[in-house]
Every structure is written in structure tokens, then in C-alpha cells.
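Structure first, then comments.
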Amino acid sequence: MTAFHLDARTLAAYVDGDLDDVDAWSVETHLDRCAACRGNLTLDDPTRRLVEAAAVAVAAPLPPPGRVRPATRWRRIRVLVGAGPAARGAWLVAVALTGLAALGLAVRPEMLPPWLLLLAAPMLPAVGTALSYGSWSDPLHEMVASTPQGGLQIILWRTLAVLAVTAPVTLLAGAMTGVGTPMVWPLAGLALTALTLALGSLIEPGQAAAVVAGAWAVIVLAPIGEWAVLMQAGPVWLTVTAAAVLVVWTRRDQVGRRTA
Amino acid sequence: MSVTVSVRGLRVSYGRRTALDELDLDLGPGVHGLLGPNGAGKTTLMRVLATVRRPDRGQVRLLGQPLSDAAGLRSARRQLGYLPQSFGFYPRFTVREFVEYFAWLKEMPAAQIPLAVDRAIERVGLLDRADDRMKHLSGGMLRRAGIAQAIVNDPRLLLLDEPTAGLDPEQRVEFRALLRELGLDAVVLVSTHLVEDVVAACTRVSLMDAGRLVFDGLPAELIAAGGAGDSGDSPIERGYAAVLRDARAAAR
């Protein structure tokens with residue numbers, strides 16, 4: 001403790017705000033260290049409430065920082081690819097069923113005709129892409145659509161997630177049915193997805209997927225019979241993909257944004 | 001008044017029904033209230049300004065950019081905040097992930113995102129729930145999370161469609177204070193059914209009826225339009241009723 005103390009008049013002048021700045025600062029420096037002089041301060045009611053409120057605010061613990069993630073490039077990809085509407089749940093079931101059917105075919109080939117898998121497996125990514133975008137399946141669509149990444153960009157991010165899930169299943173279906181070359185199956189899936197996106201610049205992506213699925217069903221079910229030819233024509237599927245990507249690129253402001 | 005939103009001859013129809021008809025509107029910085037009965041076209045106007053719905057006819061310029069030009073549209077969208085009247089959520093998202101998602105979608109600089117996300121959540125008073133999943137939030141909290149995603153990029157144009165629905169009285173008072181703060185340097189357009197929100201927080205007020213703008217002025221001018229004989233519990237409700245009545249009489 002220090003021998004020096006402030007007299008009552010100085011303290012009163014400090015409380016009333018009558019001291020000039022330099023004097024007030026030295027008074028405060030002393031008050032910081034001297035409990036006796038702090039005790040001699042007489043505050044009016046509003047000031048005391050103010051001091052108490054400030055003390056509470058200073059002493060109150062800050063909320064814990066929580067799970068703040070650094071905004072890295074990897075984090076951006078994870079957030080944009082990983083977030084998707086819940087409608088994907090039903091679609092994931094379809095993907096799983098297709099995978100199981102393909103495996104079942106390996107055990108008992110007579111279980112189901114190969115054309116059924118040919119009908120379903122290459123369409124899975126296109127359907128998944130359409131399900132992941134649009135006002136009827138995405139609860140955040142209205143807000144997403146108002147952002148600069150809201151059109152083609154977010155569709156492509158979600159397509160990436162869809163393709164990552166479906167490519168192995170499509171490949172498996174190709175290998176198990178023995179129709180054509182297994183590697184061509186995912187290529188066909190890619191081409192049908194690109195076609196859906198290209199058509200999605202003219203109509204809603206959901207309708208586009210329905211049109212592509214219908215056309216695909218006609219091709220598979222048409223009584224030409226030679227499915228193997230269809231699933232051996234790798235270059236044809238690549239050409240279709242390239243043409244569709246060109247359409248998507250030239251109409252990039254329209255994909256998924258027909259009304260905006 | 002520096003004009004940052006300008007709308008000329010705007011027409012939007014859904015099928016054969018006309019939602020907006022030859023609408024002209026200019027907005028500058030400040031908080032603008034948008035009033036009108038149900039079906040007046042408030043939400044359609046919000047959706048056009050949010051670049052979600054393309055106008056059938058007319059010119060819209062946001063923040064000096066015409067919406068017809070792709071680069072201008074993209075730049076306007078980066079500076080836009082939009083809270084739709086109703087919205088869902090991805091149930092697995094936490095509040096922080098939800099707001100972060102929109103920070104990325106709005107193409108904010110990466111270095112600003114973590115701080116901006118927490119600041120937005122703090123401004124709507126949800127910081128203590130930031131790591132809770134959206135499905136565990138109450139209706140009022142969801143709406144506040146929606147407001148947080150709208151303001152995360154410090155938008156120069158903020159569109160809030162019925163933002164006070166589901167907020168309790170105390171939260172509404174806090175929200176009005178936030179609105180006033182945001183309106184200092186941004187254009188804030190708030191559509192609402194609650195006329196008392198307009199008196200408390202808005203610097204200007206517009207009134208729509210049947211797809212047209214029937215009043216545009218200061219809240220005091222809307223109050224002055226009402227007479228003792230008009231229906232309503234407060235001066236501004238009487239002004240609202242009087243303006244609507246005159247507009248409908250003139251339309252006949």
C-alpha cells in the first residue's frame with residue numbers, strides 16, 4: 001500500500017468530471033492501485049449502475065469460439081460439394097438398389113434381365129443431378145438462386161458429388177451384366193448427365209432429366225436388340241458429352257436460371 | 001438521394017395473372033418499408049430485385065448495373081442479401097455452416113469469411129447457438145439465421161421479405177435496431193404486414209396494391225393521409241386504409 005492518498009475534494013472533482021484530462025488520468029492511475037481511495041469515491045445512482053453494468057460486461061465470459069473453420073480452398077470445395085438437398089436421400093436408395101441388383105446378378109444371372117440395369121444405371125447420375133437442384137427439391141433454392149454461384153456453378157458442384165457416388169455403381173453394373181465394355185457404362189452416364197444439363201438451359205433441370213430418361217428408355221427398349229453395340233461405342237458417348245458441354249458453355253447463364 | 005435501385009415499367013405475370021403492372025420505383029440508401037395487402041405483388045417485386053425472377057418487361061438497374069448484362073448481374077449478386085418469405089434448410093447444417101455456405105456462394109474473399117460469418121451470427125443474437133443443427137432451432141431462431149445469411153456479405157442491397165414473422169416482441173425491437181444500423185449505408189427493402197414496424201424502423205415507405213405502387217413517401221406523409229374517419233387502431237393504419245381506398249376508387 002502507498003502512503004499517498006487523494007483528498008476528498010480531488011475525488012469529488014474527479015467524480016463530477018471537473019478535473020482536466022491529465023489530472024483525471026493520474027487520479028485513475030492511483031485509483032487502480034489504491035483500494036482505500038476507491039472506497040472513498042461517492043457515486044450517484046446512475047453512475048453506479050453504469051459502473052456495475054460495465055463490470056458485469058467485462059467479467060462475463062465470451063461465448064466459446066466454437067467450430068470456426070479456416071476458409072481454405074479445400075474447405076470451399078467441401079462446403080459447396082457436400083451441401084445438398086435432402087431429396088438426395090431417395091436417390092441414394094436408388095443408387096444402392098442398383099448396386100445391389102448388379103451384385104445379385106453376379107450370384108444368380110437369371111434373377112433379372114440385363115436390360116433393366118441398362119435402363120437404370122446410366123441414368124442414375126442425370127437423375128441425381130436434377131434432384132439436387134430446383135425449387136421443388138432444394139429447400140434453399142430461392143436463396144441460392146440469388147447468389148452469383150447460384151446457377152450453373154452450384155449445379156456443377158452438385159453434379160461432381162453425384163458422379164463420385166454413381167460412377168462405381170455404373171461401372172459395377174456394366175461389369176456384372178456383361179453387356180458391352182464395362183468402362184463405357186460410366187461414360188454413357190456422363191453423356192446423359194451432360195445432355196440433361198444442356199437441356200436444363202431450356203427447361204427446368206427436373207423436366208430435362210425426365211426428357212432424357214424417356215429418350216434413353218426408347219433407345220434401350222427399341223426392338224433393335226443390339227445393346228452390346230450401344231455399350232461398346234466409347235467414342236460416340238465422348239462425342240455426345242463434348243457436344244453437350246459445348247451447349248452448356250454457350251448457354252451457361254441460362255442453365256438452371258431460366259427465369260432469372 | 002443517390003439512387004441505387006431503379007425500376008422502370010416493370011411487368012411480371014404468372015400465366016394469365018399479372019402480378020406487377022407498369023411499376024416504377026427508385027430506392028436510395030436507408031430502410032424502406034414495403035406495405036400492401038396479400039397478393040399486392042410485394043413478394044414478386046422482392047424476387048425480381050433478388051434476381052430470382054426475370055421481368056417479363058421493363059428495366060431493372062441494381063447498384064448501377066443493368067440486369068440484362070451478365071457481368072453486371074454477377075457483380076450485383078455479390079452485393080445482394082436476400083431473405084425470402086419462406087425458406088427451408090438442410091437439417092444437418094449447423095447455423096455456422098449455413099451462414100458459411102452462403103458466404104462461399106456469394107463469392108466473398110476467403111480471408112474474410114470466418115470473421116464475417118461469426119459477425120453476422122452475432123448481429124442476429126445467435127452466437128450461443130452457432131454450432132447447433134438447424135433442425136433444433138425454433139421458428140424465430142430459423143428466421144434470425146436466415147437474416148444472418150442475408151447480411152453476411154455486408155450487402156449494399158438487402159431484401160427482407162416478412163423478416164419479423166415468428167419473432168417475439170423483444171426480438172422485433174432488437175431487429176428494428178439492427179435494421180436502422182444496416183440502413184445507414186445500404187439500401188434495405190423490408191416487406192411487412194406490420195405497419196408499426198414501418199413507423200419504428202423505416203425512413204421511407206411504399207405501398208402496393210394490385211401490382212401497382214400507390215404510395216411512396218415518408219412515414220409521416222402516410223400518417224398524414226389518414227383522417228379520423230378511417231378504420232385502423234393507429235394513425236399510420238388509418239393512413240394506410242385511406243391511401244388504399246383512394247387508390248381503388250381511382251382505379252375504377
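The chains in the C-alpha cells are called A, B, ... from first to last as shown; in each chain the residues are counted from 1, and the ligands are counted from 1 in the order shown.
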Legend entry - Residue list for chain A near chain B as number ranges by chain, 8 Å, only C-alpha atoms: A: 63, 66-72, 76, 79-80, 83-86, 139-140, 142-150, 253, 257, 259-260
Residues from last step as file, C-alpha atoms, as an mmCIF file, in the first residue's frame:
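Written file, result.cif:
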```
data_model
loop_
_atom_site.group_PDB
_atom_site.id
_atom_site.type_symbol
_atom_site.label_atom_id
_atom_site.label_comp_id
_atom_site.auth_asym_id
_atom_site.auth_seq_id
_atom_site.Cartn_x
_atom_site.Cartn_y
_atom_site.Cartn_z
ATOM 1 C CA PRO A 63 -19.015 -17.330 -25.826
ATOM 2 C CA GLY A 66 -16.968 -22.891 -31.400
ATOM 3 C CA ARG A 67 -16.139 -24.761 -34.543
ATOM 4 C CA VAL A 68 -14.771 -21.977 -36.732
ATOM 5 C CA ARG A 69 -13.054 -23.450 -39.778
ATOM 6 C CA PRO A 70 -10.306 -21.622 -41.636
ATOM 7 C CA ALA A 71 -11.528 -20.620 -45.088
ATOM 8 C CA THR A 72 -9.165 -22.666 -47.206
ATOM 9 C CA ARG A 76 -14.672 -24.241 -50.036
ATOM 10 C CA VAL A 79 -18.846 -26.958 -48.365
ATOM 11 C CA LEU A 80 -20.018 -26.470 -51.964
ATOM 12 C CA ALA A 83 -24.157 -29.375 -49.060
ATOM 13 C CA GLY A 84 -27.175 -30.672 -50.898
ATOM 14 C CA PRO A 85 -30.887 -31.020 -50.512
ATOM 15 C CA ALA A 86 -32.419 -33.893 -48.589
ATOM 16 C CA PRO A 139 -35.409 -26.068 -49.687
ATOM 17 C CA LEU A 140 -32.789 -23.322 -50.042
ATOM 18 C CA GLU A 142 -34.799 -19.350 -53.552
ATOM 19 C CA MET A 143 -31.799 -18.029 -51.596
ATOM 20 C CA VAL A 144 -29.220 -19.994 -53.588
ATOM 21 C CA ALA A 145 -30.661 -18.644 -56.857
ATOM 22 C CA SER A 146 -29.977 -15.050 -55.799
ATOM 23 C CA THR A 147 -26.228 -15.647 -55.382
ATOM 24 C CA PRO A 148 -23.567 -15.374 -58.103
ATOM 25 C CA GLN A 149 -22.711 -19.087 -57.700
ATOM 26 C CA GLY A 150 -26.403 -19.982 -57.775
ATOM 27 C CA ASP A 253 -26.163 -18.041 -67.960
ATOM 28 C CA ARG A 257 -31.737 -19.871 -64.357
ATOM 29 C CA THR A 259 -36.484 -17.352 -65.077
ATOM 30 C CA ALA A 260 -33.665 -15.043 -63.969
#
```
Exercise: range 48-61 of chain A partners within 12 Å, only C-alpha atoms, chain neighbours under 6 positions left out, as a CSV table (one decimal) with C-alpha atoms, in the first residue's frame:
```csv
chain,number,residue,atom,x,y,z
A,15,VAL,CA,-16.5,12.1,-9.9
A,41,LEU,CA,-15.4,7.5,-4.1
A,42,THR,CA,-19.1,8.6,-3.7
B,128,ASP,CA,-24.5,-19.0,-28.4
```
Legend entry - Who sits within 12 Å of Met111 in chain A, only C-alpha atoms, same chain under 5 positions skipped, as a list in words: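 Listing them by chain and then by number gives Ala101, Ala102, Leu103, Gly104, Leu105, Ala106, Leu116, Leu117 and Thr177 of chain A.
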Legend entry - Residues near Leu126 in chain B, cut-off 8 Å, only C-alpha atoms, skip fewer than 5 positions along chain, as a list of chain:residue names: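 Within the cut-off, the hits are B:Ile121, B:Met141, B:Arg144, B:Ala145.
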Write a file of the selected residues as a short mmCIF file (atom, residue, chain, number, x, y, z; two decimals), in the first residue's frame, keeping N, CA and C atoms.
```cif
data_model
loop_
_atom_site.label_atom_id
_atom_site.label_comp_id
_atom_site.auth_asym_id
_atom_site.auth_seq_id
_atom_site.Cartn_x
_atom_site.Cartn_y
_atom_site.Cartn_z
N ILE B 121 -23.69 -13.83 -37.38
CA ILE B 121 -24.45 -14.62 -36.41
C ILE B 121 -24.60 -13.84 -35.10
N MET B 141 -35.72 -18.45 -34.31
CA MET B 141 -34.26 -18.60 -34.48
C MET B 141 -33.91 -18.88 -35.94
N ARG B 144 -33.92 -15.76 -37.77
CA ARG B 144 -32.72 -14.96 -37.49
C ARG B 144 -31.51 -15.53 -38.20
N ALA B 145 -31.43 -16.88 -38.30
CA ALA B 145 -30.34 -17.48 -39.07
C ALA B 145 -30.45 -17.06 -40.54
#
```
Inset, instruction - Name all residues at most 7 Å from Ile151 in chain B (count only C-alpha atoms; drop same-chain ones fewer than 3 positions away) and give them as a ChimeraX atom specification. - result: /B:81,120,147-148,154-155
